[in-house]
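Dumped upload.tsv below, it's TSV, C-alpha atoms:
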```
chain	number	residue	atom	x	y	z
A	1	MET	CA	11.43	21.08	-18.62
A	2	SER	CA	11.36	23.34	-15.60
A	3	PRO	CA	13.54	22.48	-12.56
A	4	ALA	CA	10.39	21.90	-10.49
A	5	SER	CA	9.13	19.39	-13.06
A	6	LYS	CA	12.49	17.64	-13.06
A	7	LYS	CA	12.37	17.32	-9.30
A	8	ARG	CA	8.85	15.96	-9.34
A	9	LEU	CA	9.77	13.53	-12.12
A	10	SER	CA	12.71	12.12	-10.17
A	11	TYR	CA	10.58	11.72	-7.02
A	12	PHE	CA	7.94	10.01	-9.11
A	13	LEU	CA	10.42	7.60	-10.71
A	14	ILE	CA	11.93	6.70	-7.32
A	15	ILE	CA	8.46	5.99	-5.91
A	16	VAL	CA	7.56	3.86	-8.94
A	17	ILE	CA	10.75	1.80	-8.68
A	18	VAL	CA	10.34	1.24	-4.94
A	19	THR	CA	6.69	0.29	-5.43
A	20	LEU	CA	7.57	-2.14	-8.20
A	21	ILE	CA	10.14	-3.89	-6.02
A	22	LEU	CA	7.76	-4.02	-3.04
A	23	GLY	CA	4.95	-5.16	-5.34
A	24	LYS	CA	7.07	-8.03	-6.61
A	25	PHE	CA	7.59	-9.34	-3.06
A	26	ILE	CA	3.93	-8.88	-2.14
A	27	PHE	CA	2.88	-10.62	-5.32
A	28	GLU	CA	5.13	-13.57	-4.67
A	29	SER	CA	3.96	-14.03	-1.11
A	30	LEU	CA	0.33	-13.64	-2.13
A	31	GLN	CA	0.71	-16.28	-4.81
A	32	LYS	CA	0.30	-18.97	-2.16
A	33	ASN	CA	-2.67	-17.37	-0.41
A	34	THR	CA	-4.73	-16.20	-3.35
A	35	VAL	CA	-5.83	-19.63	-4.45
A	36	TYR	CA	-9.32	-19.57	-5.92
A	37	PHE	CA	-9.40	-23.33	-6.25
A	38	PHE	CA	-7.11	-26.30	-5.61
A	39	SER	CA	-6.44	-28.86	-8.29
A	40	PRO	CA	-6.67	-32.54	-7.32
A	41	THR	CA	-2.87	-32.72	-7.54
A	42	ASP	CA	-2.50	-29.76	-5.14
A	43	LEU	CA	-4.59	-31.68	-2.61
A	44	PHE	CA	-2.73	-34.91	-3.28
A	45	LEU	CA	0.61	-33.21	-2.59
A	46	SER	CA	-0.55	-31.19	0.43
A	47	SER	CA	0.61	-32.67	3.73
A	48	GLU	CA	-2.52	-31.88	5.70
A	49	LYS	CA	-6.18	-31.89	4.77
A	50	PRO	CA	-7.54	-28.30	4.25
A	51	ARG	CA	-10.32	-27.52	6.73
A	52	GLY	CA	-13.63	-25.78	6.14
A	53	VAL	CA	-15.19	-24.97	2.81
A	54	ILE	CA	-12.70	-25.12	-0.05
A	55	ARG	CA	-12.94	-25.08	-3.82
A	56	ILE	CA	-11.50	-27.67	-6.12
A	57	GLY	CA	-11.23	-27.27	-9.87
A	58	GLY	CA	-10.55	-29.51	-12.82
A	59	LEU	CA	-12.31	-31.43	-15.53
A	60	VAL	CA	-15.30	-33.67	-14.99
A	61	LYS	CA	-13.90	-37.11	-15.80
A	62	THR	CA	-15.61	-38.58	-18.86
A	63	GLY	CA	-18.04	-41.35	-17.94
A	64	SER	CA	-17.88	-40.67	-14.23
A	65	ILE	CA	-21.18	-38.81	-13.69
A	66	GLN	CA	-23.75	-40.91	-11.87
A	67	ALA	CA	-27.17	-39.82	-10.71
A	68	LYS	CA	-28.32	-41.53	-7.53
A	69	LYS	CA	-31.96	-42.64	-7.66
A	70	ASN	CA	-34.43	-39.76	-7.56
A	71	ASP	CA	-33.24	-37.30	-4.95
A	72	SER	CA	-31.00	-35.39	-7.40
A	73	VAL	CA	-27.74	-36.56	-5.84
A	74	TYR	CA	-24.91	-36.70	-8.33
A	75	THR	CA	-21.49	-38.20	-8.00
A	76	PHE	CA	-18.58	-37.64	-10.35
A	77	LEU	CA	-14.81	-37.48	-10.49
A	78	VAL	CA	-12.93	-34.20	-10.84
A	79	THR	CA	-9.62	-34.80	-12.55
A	80	ASP	CA	-6.60	-32.79	-13.61
A	81	LEU	CA	-5.48	-35.80	-15.67
A	82	LYS	CA	-3.01	-36.81	-12.94
A	83	ASN	CA	-5.17	-37.22	-9.85
A	84	ASP	CA	-8.90	-37.58	-9.24
A	85	ILE	CA	-11.23	-36.47	-6.48
A	86	TYR	CA	-14.57	-38.07	-5.87
A	87	VAL	CA	-17.38	-35.52	-5.47
A	88	GLU	CA	-20.87	-36.04	-4.14
A	89	TYR	CA	-23.33	-33.21	-4.77
A	90	LYS	CA	-27.00	-32.71	-4.11
A	91	GLY	CA	-28.78	-30.00	-6.06
A	92	ILE	CA	-29.24	-28.58	-9.53
A	93	LEU	CA	-26.37	-28.77	-11.99
A	94	PRO	CA	-25.54	-25.68	-14.12
A	95	ASN	CA	-26.22	-25.89	-17.87
A	96	LEU	CA	-22.58	-26.02	-18.86
A	97	PHE	CA	-21.79	-28.84	-16.44
A	98	GLN	CA	-20.75	-31.63	-18.80
A	99	GLU	CA	-18.39	-34.56	-18.95
A	100	GLY	CA	-14.94	-33.51	-20.05
A	101	LYS	CA	-15.60	-29.84	-19.25
A	102	GLY	CA	-14.12	-27.61	-16.58
A	103	VAL	CA	-15.79	-27.37	-13.21
A	104	VAL	CA	-15.22	-25.70	-9.84
A	105	VAL	CA	-16.80	-27.38	-6.82
A	106	GLU	CA	-17.22	-25.70	-3.44
A	107	GLY	CA	-17.51	-28.04	-0.53
A	108	VAL	CA	-16.00	-29.75	2.46
A	109	LEU	CA	-13.30	-32.39	2.19
A	110	LYS	CA	-14.33	-35.58	3.98
A	111	ASP	CA	-10.97	-37.10	3.27
A	112	LYS	CA	-8.23	-36.42	0.74
A	113	LYS	CA	-10.08	-38.15	-2.07
A	114	PHE	CA	-13.68	-37.32	-1.24
A	115	LEU	CA	-15.39	-33.92	-1.36
A	116	LEU	CA	-18.94	-33.27	-0.26
A	117	GLY	CA	-20.01	-30.58	-2.76
A	118	LYS	CA	-22.18	-27.69	-1.66
A	119	ASN	CA	-22.04	-25.59	-4.79
A	120	ILE	CA	-21.05	-26.27	-8.39
A	121	LEU	CA	-19.73	-23.68	-10.83
A	122	ALA	CA	-19.20	-24.61	-14.46
A	123	LYS	CA	-16.01	-23.23	-15.95
A	124	HIS	CA	-15.98	-22.46	-19.64
A	125	ASP	CA	-13.04	-21.74	-21.90
A	126	GLU	CA	-12.12	-18.90	-24.21
A	127	ASN	CA	-13.14	-20.63	-27.44
A	128	TYR	CA	-16.25	-19.42	-29.21
A	129	MET	CA	-17.59	-20.76	-32.49
A	130	PRO	CA	-20.90	-21.46	-34.20
A	131	PRO	CA	-22.29	-25.03	-33.82
A	132	GLU	CA	-21.87	-25.68	-37.57
A	133	VAL	CA	-18.17	-24.87	-37.38
A	134	ALA	CA	-17.80	-27.13	-34.35
A	135	ASP	CA	-19.52	-29.96	-36.26
A	136	ALA	CA	-17.40	-29.37	-39.36
A	137	LEU	CA	-14.21	-29.39	-37.31
A	138	LYS	CA	-15.22	-32.65	-35.66
A	139	LYS	CA	-16.06	-34.24	-39.00
A	140	SER	CA	-12.85	-33.19	-40.72
A	141	GLY	CA	-10.77	-34.39	-37.79
A	142	ASN	CA	-9.41	-30.92	-37.07
A	143	TRP	CA	-11.16	-30.80	-33.70
A	144	ASN	CA	-8.63	-29.61	-31.20
A	145	LYS	CA	-8.70	-31.45	-27.90
A	146	LYS	CA	-8.59	-28.12	-26.08
A	147	TYR	CA	-12.12	-27.25	-27.26
A	148	ASP	CA	-13.54	-30.14	-25.22
B	1	MET	CA	2.47	20.87	-29.24
B	2	PHE	CA	-0.52	20.56	-26.94
B	3	ASP	CA	-2.79	22.91	-28.82
B	4	LEU	CA	-4.96	20.05	-30.05
B	5	PHE	CA	-8.30	20.32	-28.22
B	6	GLN	CA	-6.98	23.38	-26.44
B	7	LEU	CA	-9.30	25.81	-24.80
B	8	LYS	CA	-10.28	27.67	-27.94
B	9	LYS	CA	-10.24	24.75	-30.32
B	10	ILE	CA	-13.04	22.84	-28.65
B	11	PHE	CA	-15.41	25.73	-29.36
B	12	GLN	CA	-14.39	25.68	-32.97
B	13	LEU	CA	-15.78	22.17	-33.26
B	14	SER	CA	-19.03	23.17	-34.85
B	15	ASP	CA	-22.47	21.87	-34.04
B	16	ASN	CA	-22.30	20.07	-37.38
B	17	PHE	CA	-19.36	18.05	-36.12
B	18	PHE	CA	-21.25	16.92	-33.02
B	19	TYR	CA	-24.31	16.17	-35.10
B	20	LEU	CA	-22.23	14.07	-37.49
B	21	LEU	CA	-20.48	12.24	-34.66
B	22	LYS	CA	-23.85	11.47	-33.09
B	23	ILE	CA	-25.18	10.03	-36.35
B	24	VAL	CA	-22.02	7.97	-36.88
B	25	PHE	CA	-21.88	6.44	-33.39
B	26	LEU	CA	-25.62	5.69	-33.38
B	27	SER	CA	-25.47	3.97	-36.75
B	28	VAL	CA	-22.35	1.97	-35.80
B	29	ILE	CA	-24.03	0.79	-32.57
B	30	ILE	CA	-27.28	-0.08	-34.38
B	31	PHE	CA	-25.29	-1.95	-37.04
B	32	GLY	CA	-23.33	-3.70	-34.28
B	33	LEU	CA	-26.50	-4.67	-32.42
B	34	ILE	CA	-28.07	-6.10	-35.59
B	35	LEU	CA	-24.87	-8.08	-36.21
B	36	SER	CA	-24.59	-9.34	-32.65
B	37	LEU	CA	-28.23	-10.01	-31.84
B	38	ILE	CA	-29.53	-11.28	-35.20
B	39	VAL	CA	-26.82	-12.05	-37.75
B	40	SER	CA	-24.16	-13.70	-35.59
B	41	PRO	CA	-24.52	-17.42	-34.86
B	42	LYS	CA	-25.15	-19.15	-31.55
B	43	ASP	CA	-22.18	-20.56	-29.69
B	44	TYR	CA	-21.68	-24.33	-29.93
B	45	LEU	CA	-21.67	-24.58	-26.13
B	46	GLN	CA	-23.44	-21.58	-24.68
B	47	GLY	CA	-26.14	-21.03	-27.29
B	48	ASP	CA	-27.67	-17.55	-27.32
B	49	THR	CA	-26.12	-16.64	-23.96
B	50	VAL	CA	-22.91	-15.82	-25.81
B	51	ARG	CA	-24.55	-12.62	-27.15
B	52	ILE	CA	-23.96	-10.96	-23.77
B	53	MET	CA	-20.29	-10.99	-24.79
B	54	TYR	CA	-20.93	-8.32	-27.45
B	55	VAL	CA	-21.72	-5.79	-24.73
B	56	HIS	CA	-19.64	-7.21	-21.88
B	57	VAL	CA	-16.27	-7.39	-23.63
B	58	PRO	CA	-16.25	-3.95	-25.37
B	59	ALA	CA	-17.45	-2.32	-22.13
B	60	SER	CA	-14.66	-4.00	-20.17
B	61	TRP	CA	-12.02	-3.05	-22.74
B	62	LEU	CA	-13.13	0.57	-22.71
B	63	ALA	CA	-13.26	0.72	-18.91
B	64	LEU	CA	-9.64	-0.46	-18.80
B	65	MET	CA	-8.45	1.76	-21.66
B	66	ILE	CA	-10.16	4.83	-20.22
B	67	PHE	CA	-8.62	4.21	-16.81
B	68	ALA	CA	-5.23	3.88	-18.51
B	69	VAL	CA	-5.72	7.27	-20.18
B	70	VAL	CA	-6.93	8.82	-16.90
B	71	GLY	CA	-3.89	7.42	-15.10
B	72	ILE	CA	-1.32	8.49	-17.70
B	73	SER	CA	-2.93	11.95	-17.96
B	74	SER	CA	-2.68	12.18	-14.18
B	75	ILE	CA	1.05	11.44	-14.29
B	76	ILE	CA	1.56	14.19	-16.88
B	77	THR	CA	-0.59	16.60	-14.92
B	78	LEU	CA	1.11	15.89	-11.60
B	79	ILE	CA	4.67	16.06	-12.86
B	80	PHE	CA	4.61	18.55	-15.72
B	81	LYS	CA	1.54	20.55	-14.67
B	82	ILE	CA	0.15	20.50	-18.19
B	83	ARG	CA	-3.34	21.20	-17.01
B	84	VAL	CA	-5.25	20.27	-20.13
B	85	PHE	CA	-4.54	16.64	-19.21
B	86	THR	CA	-6.29	17.20	-15.89
B	87	ILE	CA	-9.39	18.17	-17.83
B	88	TYR	CA	-9.01	15.15	-20.13
B	89	ALA	CA	-8.87	12.83	-17.13
B	90	LYS	CA	-11.70	14.54	-15.28
B	91	SER	CA	-13.93	14.42	-18.37
B	92	LEU	CA	-13.15	10.79	-19.15
B	93	ALA	CA	-13.51	9.26	-15.68
B	94	PRO	CA	-17.35	9.10	-15.49
B	95	ILE	CA	-17.45	7.45	-18.93
B	96	GLY	CA	-15.01	4.77	-17.81
B	97	PHE	CA	-16.93	4.37	-14.57
B	98	THR	CA	-20.15	3.72	-16.49
B	99	PHE	CA	-18.46	1.14	-18.69
B	100	SER	CA	-16.92	-0.62	-15.68
B	101	LEU	CA	-20.40	-0.87	-14.12
B	102	ILE	CA	-21.83	-2.19	-17.40
B	103	SER	CA	-19.01	-4.74	-17.45
B	104	ILE	CA	-19.78	-5.94	-13.91
B	105	PHE	CA	-23.55	-6.12	-14.45
B	106	THR	CA	-23.47	-7.85	-17.84
B	107	GLY	CA	-20.78	-10.11	-16.41
B	108	SER	CA	-23.03	-11.32	-13.62
B	109	LEU	CA	-25.94	-11.72	-16.03
B	110	TRP	CA	-23.63	-13.90	-18.11
B	111	GLY	CA	-22.20	-15.71	-15.12
B	112	GLN	CA	-25.55	-16.90	-13.80
B	113	PRO	CA	-26.57	-19.09	-16.77
B	114	THR	CA	-23.04	-20.26	-17.69
B	115	TRP	CA	-21.13	-20.64	-14.42
B	116	GLY	CA	-24.12	-20.98	-12.12
B	117	THR	CA	-23.42	-17.88	-10.02
B	118	PHE	CA	-23.87	-14.11	-10.29
B	119	TRP	CA	-20.71	-13.36	-8.40
B	120	THR	CA	-17.65	-15.12	-7.06
B	121	TRP	CA	-14.46	-13.72	-5.55
B	122	ASP	CA	-12.01	-14.93	-8.14
B	123	ALA	CA	-9.06	-12.76	-9.13
B	124	ARG	CA	-10.56	-11.32	-12.33
B	125	LEU	CA	-13.90	-10.35	-10.81
B	126	THR	CA	-12.34	-8.95	-7.66
B	127	SER	CA	-9.75	-6.85	-9.49
B	128	MET	CA	-12.48	-5.51	-11.81
B	129	LEU	CA	-14.52	-4.49	-8.75
B	130	VAL	CA	-11.42	-2.73	-7.43
B	131	LEU	CA	-11.31	-0.78	-10.71
B	132	VAL	CA	-14.91	0.35	-10.13
B	133	PHE	CA	-13.89	1.62	-6.69
B	134	PHE	CA	-10.89	3.46	-8.11
B	135	PHE	CA	-13.24	5.22	-10.54
B	136	ILE	CA	-15.58	6.06	-7.65
B	137	PHE	CA	-12.73	7.43	-5.50
B	138	TYR	CA	-11.40	9.44	-8.43
B	139	ILE	CA	-14.77	11.02	-9.18
B	140	LEU	CA	-15.56	11.62	-5.51
B	141	SER	CA	-12.26	13.39	-4.92
B	142	TRP	CA	-13.33	15.95	-7.53
B	143	LYS	CA	-16.80	16.19	-6.00
B	144	PHE	CA	-15.78	16.64	-2.38
B	145	VAL	CA	-12.61	18.72	-2.63
B	146	LYS	CA	-13.64	22.25	-3.53
B	147	ASN	CA	-10.22	23.73	-4.32
B	148	PHE	CA	-9.31	22.87	-7.91
B	149	PHE	CA	-5.60	22.41	-7.29
B	150	VAL	CA	-6.03	20.26	-4.20
B	151	ALA	CA	-8.63	18.11	-5.95
B	152	GLU	CA	-6.31	17.78	-8.92
B	153	LYS	CA	-3.53	16.50	-6.70
B	154	TYR	CA	-5.68	13.97	-4.79
B	155	SER	CA	-7.48	12.66	-7.84
B	156	SER	CA	-4.22	12.28	-9.77
B	157	ILE	CA	-2.63	10.30	-6.97
B	158	ILE	CA	-5.68	8.02	-6.81
B	159	ALA	CA	-5.54	7.47	-10.58
B	160	ILE	CA	-1.80	6.74	-10.52
B	161	ILE	CA	-2.20	4.17	-7.73
B	162	GLY	CA	-5.10	2.69	-9.69
B	163	LEU	CA	-2.82	2.21	-12.71
B	164	ALA	CA	-1.15	-0.65	-10.84
B	165	ASN	CA	-4.48	-2.47	-10.87
B	166	LEU	CA	-4.69	-2.57	-14.68
B	167	PRO	CA	-2.05	-5.27	-15.30
B	168	ILE	CA	-3.57	-7.22	-12.40
B	169	ILE	CA	-6.95	-7.20	-14.15
B	170	LYS	CA	-5.45	-8.05	-17.52
B	171	PHE	CA	-3.22	-10.90	-16.34
B	172	SER	CA	-5.32	-12.17	-13.41
B	173	VAL	CA	-6.64	-15.00	-15.58
B	174	ASP	CA	-3.08	-16.12	-16.38
B	175	TRP	CA	-1.45	-15.62	-12.98
B	176	TRP	CA	-4.08	-17.30	-10.84
B	177	ASN	CA	-6.65	-20.05	-11.03
B	178	THR	CA	-9.84	-18.19	-11.88
B	179	LEU	CA	-13.38	-19.10	-12.75
B	180	HIS	CA	-13.23	-16.46	-15.48
B	181	GLN	CA	-11.86	-17.85	-18.73
B	182	PRO	CA	-8.61	-16.50	-20.21
B	183	ALA	CA	-8.60	-13.89	-22.98
B	184	SER	CA	-9.91	-15.02	-26.37
B	185	ILE	CA	-8.11	-12.29	-28.27
B	186	LYS	CA	-4.37	-12.04	-27.80
B	187	LEU	CA	-1.87	-9.96	-29.71
B	188	THR	CA	0.49	-12.86	-30.19
B	189	GLN	CA	-1.97	-15.53	-31.28
B	190	SER	CA	-4.84	-15.88	-33.69
B	191	PRO	CA	-8.10	-15.24	-31.82
B	192	ALA	CA	-9.86	-18.22	-30.20
B	193	ILE	CA	-13.13	-16.80	-31.40
B	194	HIS	CA	-14.70	-17.52	-34.77
B	195	SER	CA	-14.63	-14.66	-37.30
B	196	SER	CA	-18.45	-14.58	-37.53
B	197	MET	CA	-18.47	-13.71	-33.81
B	198	LEU	CA	-15.35	-11.55	-33.82
B	199	MET	CA	-16.84	-9.13	-36.40
B	200	PRO	CA	-19.83	-8.00	-34.30
B	201	LEU	CA	-17.58	-7.76	-31.25
B	202	LEU	CA	-15.22	-5.34	-33.01
B	203	VAL	CA	-18.09	-3.30	-34.48
B	204	MET	CA	-19.66	-2.96	-31.04
B	205	PHE	CA	-16.29	-1.89	-29.65
B	206	LEU	CA	-16.00	0.79	-32.35
B	207	GLY	CA	-19.53	1.97	-31.57
B	208	PHE	CA	-18.85	2.18	-27.84
B	209	ALA	CA	-15.54	3.96	-28.47
B	210	LEU	CA	-17.25	6.57	-30.71
B	211	PHE	CA	-19.94	7.00	-28.06
B	212	SER	CA	-17.20	7.60	-25.47
B	213	LEU	CA	-15.59	10.19	-27.74
B	214	PHE	CA	-18.94	11.95	-28.18
B	215	ILE	CA	-19.60	12.12	-24.44
B	216	PHE	CA	-15.98	13.11	-23.85
B	217	PHE	CA	-16.30	16.18	-26.14
B	218	ILE	CA	-19.48	17.27	-24.37
B	219	ARG	CA	-17.97	16.81	-20.94
B	220	TYR	CA	-14.71	18.49	-21.96
B	221	LYS	CA	-16.64	21.53	-23.18
B	222	THR	CA	-18.59	21.66	-19.92
B	223	GLU	CA	-15.41	21.45	-17.84
B	224	ILE	CA	-13.87	24.34	-19.78
B	225	LEU	CA	-16.99	26.42	-19.23
B	226	LYS	CA	-16.83	25.61	-15.50
B	227	LEU	CA	-13.19	26.77	-15.42
B	228	ARG	CA	-14.18	30.01	-17.13
B	229	LYS	CA	-16.95	30.56	-14.63
B	230	ASN	CA	-14.49	30.08	-11.77
B	231	LYS	CA	-11.97	32.31	-13.55
B	232	LEU	CA	-9.47	29.44	-13.68
B	233	ASN	CA	-9.19	29.21	-17.44
B	234	LYS	CA	-5.78	30.91	-17.40
B	235	ILE	CA	-4.19	27.69	-16.12
B	236	LEU	CA	-4.72	26.06	-19.49
B	237	LYS	CA	-2.47	28.56	-21.27
```

I need this file expressed as structure tokens, please.
Amino acid sequence: MSPASKKRLSYFLIIVIVTLILGKFIFESLQKNTVYFFSPTDLFLSSEKPRGVIRIGGLVKTGSIQAKKNDSVYTFLVTDLKNDIYVEYKGILPNLFQEGKGVVVEGVLKDKKFLLGKNILAKHDENYMPPEVADALKKSGNWNKKYD
Amino acid sequence: MFDLFQLKKIFQLSDNFFYLLKIVFLSVIIFGLILSLIVSPKDYLQGDTVRIMYVHVPASWLALMIFAVVGISSIITLIFKIRVFTIYAKSLAPIGFTFSLISIFTGSLWGQPTWGTFWTWDARLTSMLVLVFFFIFYILSWKFVKNFFVAEKYSSIIAIIGLANLPIIKFSVDWWNTLHQPASIKLTQSPAIHSSMLMPLLVMFLGFALFSLFIFFIRYKTEILKLRKNKLNKILK
């Protein structure tokens, strides 16, 4: 290794180490600000009500979806299994929006427990399998709760 | 040590080799497409929409891997001045750029029917878009800076900074709440994807990787010819 290379290598390593340390601090401070969605528990624990349009995420509580009359208004509960938030939404629901499945709702908080939804995004998980396998797993009792 | 794919060697790769590589990558991709579009089953939740995965995931993997190679080559080139790595990185970048675009576009085509949106600013999607911009900056620095050595320096620095983005992309789904689902295939666990769907995914990845290799050889050859034309080919010695 030539002396020039050695010099460049040591500069490079110093820069990398400094950047890593700085990056760690930036990452930690960003952790609080880079929230894509709040969970119901986050909102429950927060001291003040977030203003403006926010996103909440969680599971659609089983048995909580209700369609109101004929003007395509839906109400349901978003839960993280500890706390619930009541959501009212007018519009078309995405295909993967189902009871017990993940969902992200964009909207305005009316109060800590009630969100007026403007936009619904269905969240899906990382499990992929053919329908027959899913049926077989359910039948044999090997269905993992995490697939729901 | 670095004489593999050195200046002279690339011209020893005969036309037969390129012809063979072309046949192999085409047949692997055709085989992969038959597997993924016809043979593989529907998903229990998403139905046929899941077939977008067989293009989306290999393209994303390759975009990340190629950027990793570009970045590491840039470190070698900047510190040790082993110039053949500059040419590797320069030849690979447009391939990775194309795959990152394919990843973004197929991703939004997949997002619309499943999530209900083409685009959202969650951590995974945003960091992937940042990768696209790093590719663009890298390629543009070669286009706009005329002096080879200055362009080499700028582009390498861009690629090295961009390396920091790769772990962010990879772990964004674990570090933050994202709309994008976490990885299905992890080194430490058995894949969360059924084998009948994993097979076509891996075949498509192999096909895309062979395609990348094919384009890489062509581009590498072109870059060497450009160096010769500019009488810079001595730097590779």

Taking all atoms listed in the file into account, find every residue of chain A that has an atom no more than 9 Å from chain B, and write it out as a PDB file with C-alpha atoms, in the frame of the given file.
```pdb
ATOM      1  CA  MET A   1      11.430  21.080 -18.620  1.00  0.00           C
ATOM      2  CA  SER A   2      11.360  23.340 -15.600  1.00  0.00           C
ATOM      3  CA  ALA A   4      10.390  21.900 -10.490  1.00  0.00           C
ATOM      4  CA  SER A   5       9.130  19.390 -13.060  1.00  0.00           C
ATOM      5  CA  LYS A   6      12.490  17.640 -13.060  1.00  0.00           C
ATOM      6  CA  LYS A   7      12.370  17.320  -9.300  1.00  0.00           C
ATOM      7  CA  ARG A   8       8.850  15.960  -9.340  1.00  0.00           C
ATOM      8  CA  LEU A   9       9.770  13.530 -12.120  1.00  0.00           C
ATOM      9  CA  PHE A  12       7.940  10.010  -9.110  1.00  0.00           C
ATOM     10  CA  GLN A  31       0.710 -16.280  -4.810  1.00  0.00           C
ATOM     11  CA  THR A  34      -4.730 -16.200  -3.350  1.00  0.00           C
ATOM     12  CA  VAL A  35      -5.830 -19.630  -4.450  1.00  0.00           C
ATOM     13  CA  TYR A  36      -9.320 -19.570  -5.920  1.00  0.00           C
ATOM     14  CA  PHE A  37      -9.400 -23.330  -6.250  1.00  0.00           C
ATOM     15  CA  PHE A  38      -7.110 -26.300  -5.610  1.00  0.00           C
ATOM     16  CA  GLY A  57     -11.230 -27.270  -9.870  1.00  0.00           C
ATOM     17  CA  LEU A  93     -26.370 -28.770 -11.990  1.00  0.00           C
ATOM     18  CA  PRO A  94     -25.540 -25.680 -14.120  1.00  0.00           C
ATOM     19  CA  ASN A  95     -26.220 -25.890 -17.870  1.00  0.00           C
ATOM     20  CA  LEU A  96     -22.580 -26.020 -18.860  1.00  0.00           C
ATOM     21  CA  PHE A  97     -21.790 -28.840 -16.440  1.00  0.00           C
ATOM     22  CA  VAL A 103     -15.790 -27.370 -13.210  1.00  0.00           C
ATOM     23  CA  VAL A 104     -15.220 -25.700  -9.840  1.00  0.00           C
ATOM     24  CA  ASN A 119     -22.040 -25.590  -4.790  1.00  0.00           C
ATOM     25  CA  ILE A 120     -21.050 -26.270  -8.390  1.00  0.00           C
ATOM     26  CA  LEU A 121     -19.730 -23.680 -10.830  1.00  0.00           C
ATOM     27  CA  ALA A 122     -19.200 -24.610 -14.460  1.00  0.00           C
ATOM     28  CA  LYS A 123     -16.010 -23.230 -15.950  1.00  0.00           C
ATOM     29  CA  HIS A 124     -15.980 -22.460 -19.640  1.00  0.00           C
ATOM     30  CA  ASP A 125     -13.040 -21.740 -21.900  1.00  0.00           C
ATOM     31  CA  GLU A 126     -12.120 -18.900 -24.210  1.00  0.00           C
ATOM     32  CA  ASN A 127     -13.140 -20.630 -27.440  1.00  0.00           C
ATOM     33  CA  TYR A 128     -16.250 -19.420 -29.210  1.00  0.00           C
ATOM     34  CA  MET A 129     -17.590 -20.760 -32.490  1.00  0.00           C
ATOM     35  CA  PRO A 130     -20.900 -21.460 -34.200  1.00  0.00           C
ATOM     36  CA  PRO A 131     -22.290 -25.030 -33.820  1.00  0.00           C
ATOM     37  CA  GLU A 132     -21.870 -25.680 -37.570  1.00  0.00           C
ATOM     38  CA  VAL A 133     -18.170 -24.870 -37.380  1.00  0.00           C
ATOM     39  CA  ALA A 134     -17.800 -27.130 -34.350  1.00  0.00           C
ATOM     40  CA  ASP A 135     -19.520 -29.960 -36.260  1.00  0.00           C
TER      41      ASP A 135
END
```

First collect every listed atom of region 7-11 of chain A; then fit an axis-aligned box around them, widen it by 4 Å on each side, and give centre and edge lengths in Å to one decimal, as AutoDock Vina command-line options.
```
--center_x 10.8 --center_y 14.5 --center_z -9.6 --size_x 11.9 --size_y 13.6 --size_z 13.1
```

Exercise for the section: Using only C-alpha atoms, pick whichever of B:Val55, B:Leu64, B:Leu206, B:Val28 has the shortest atom-to-atom distance to Asn165 (chain B). Expected result: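 Result for the nearest residue to Asn165 (chain B): B:Leu64.
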
Practice task
Could you please determine the separation between CA of Thr41 (chain A) and CA of Lys90 (chain A) in Å, to one decimal place?
Solution key: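 Taking CA of Thr41 (chain A) as the start and CA of Lys90 (chain A) as the end point, the length is 24.4 Å.
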
Exercise for the section: Mind listing whatever residues come within 8 Å of the point (-10.2, -33.2, -10.4)? Use all atoms listed in the file, file coordinates, and give them as an NGL selection string. Expected result: :A and (39-41 or 56-61 or 77-81 or 83-86)

Exercise for the section: Compile the contact shell of Gly71 (chain B) as a ChimeraX atom specification: residues with an atom at most 12 Å away, counting all atoms listed in the file, same-chain residues fewer than 5 positions apart removed. Expected result: /B:64-66,76-78,85-86,88-90,92-93,96,131,134-135,138,155-166

Return region 77-84 of chain B, completed with N, CA and C atoms, as a PDB file, in the frame of the given file.
```pdb
ATOM      1  N   THR B  77      -0.070  15.421 -15.599  1.00  0.00           N
ATOM      2  CA  THR B  77      -0.590  16.600 -14.920  1.00  0.00           C
ATOM      3  C   THR B  77       0.134  16.845 -13.605  1.00  0.00           C
ATOM      4  N   LEU B  78       0.478  15.750 -12.916  1.00  0.00           N
ATOM      5  CA  LEU B  78       1.110  15.890 -11.600  1.00  0.00           C
ATOM      6  C   LEU B  78       2.566  16.307 -11.734  1.00  0.00           C
ATOM      7  N   ILE B  79       3.246  15.786 -12.755  1.00  0.00           N
ATOM      8  CA  ILE B  79       4.670  16.060 -12.860  1.00  0.00           C
ATOM      9  C   ILE B  79       4.938  17.324 -13.669  1.00  0.00           C
ATOM     10  N   PHE B  80       4.274  17.442 -14.827  1.00  0.00           N
ATOM     11  CA  PHE B  80       4.610  18.550 -15.720  1.00  0.00           C
ATOM     12  C   PHE B  80       3.618  19.699 -15.640  1.00  0.00           C
ATOM     13  N   LYS B  81       2.541  19.488 -14.846  1.00  0.00           N
ATOM     14  CA  LYS B  81       1.540  20.550 -14.670  1.00  0.00           C
ATOM     15  C   LYS B  81       0.977  21.043 -16.009  1.00  0.00           C
ATOM     16  N   ILE B  82       0.820  20.127 -16.939  1.00  0.00           N
ATOM     17  CA  ILE B  82       0.150  20.500 -18.190  1.00  0.00           C
ATOM     18  C   ILE B  82      -1.335  20.260 -17.944  1.00  0.00           C
ATOM     19  N   ARG B  83      -2.035  21.329 -17.650  1.00  0.00           N
ATOM     20  CA  ARG B  83      -3.340  21.200 -17.010  1.00  0.00           C
ATOM     21  C   ARG B  83      -4.430  20.676 -17.933  1.00  0.00           C
ATOM     22  N   VAL B  84      -4.190  20.757 -19.237  1.00  0.00           N
ATOM     23  CA  VAL B  84      -5.250  20.270 -20.130  1.00  0.00           C
ATOM     24  C   VAL B  84      -5.463  18.774 -19.914  1.00  0.00           C
TER      25      VAL B  84
END
```
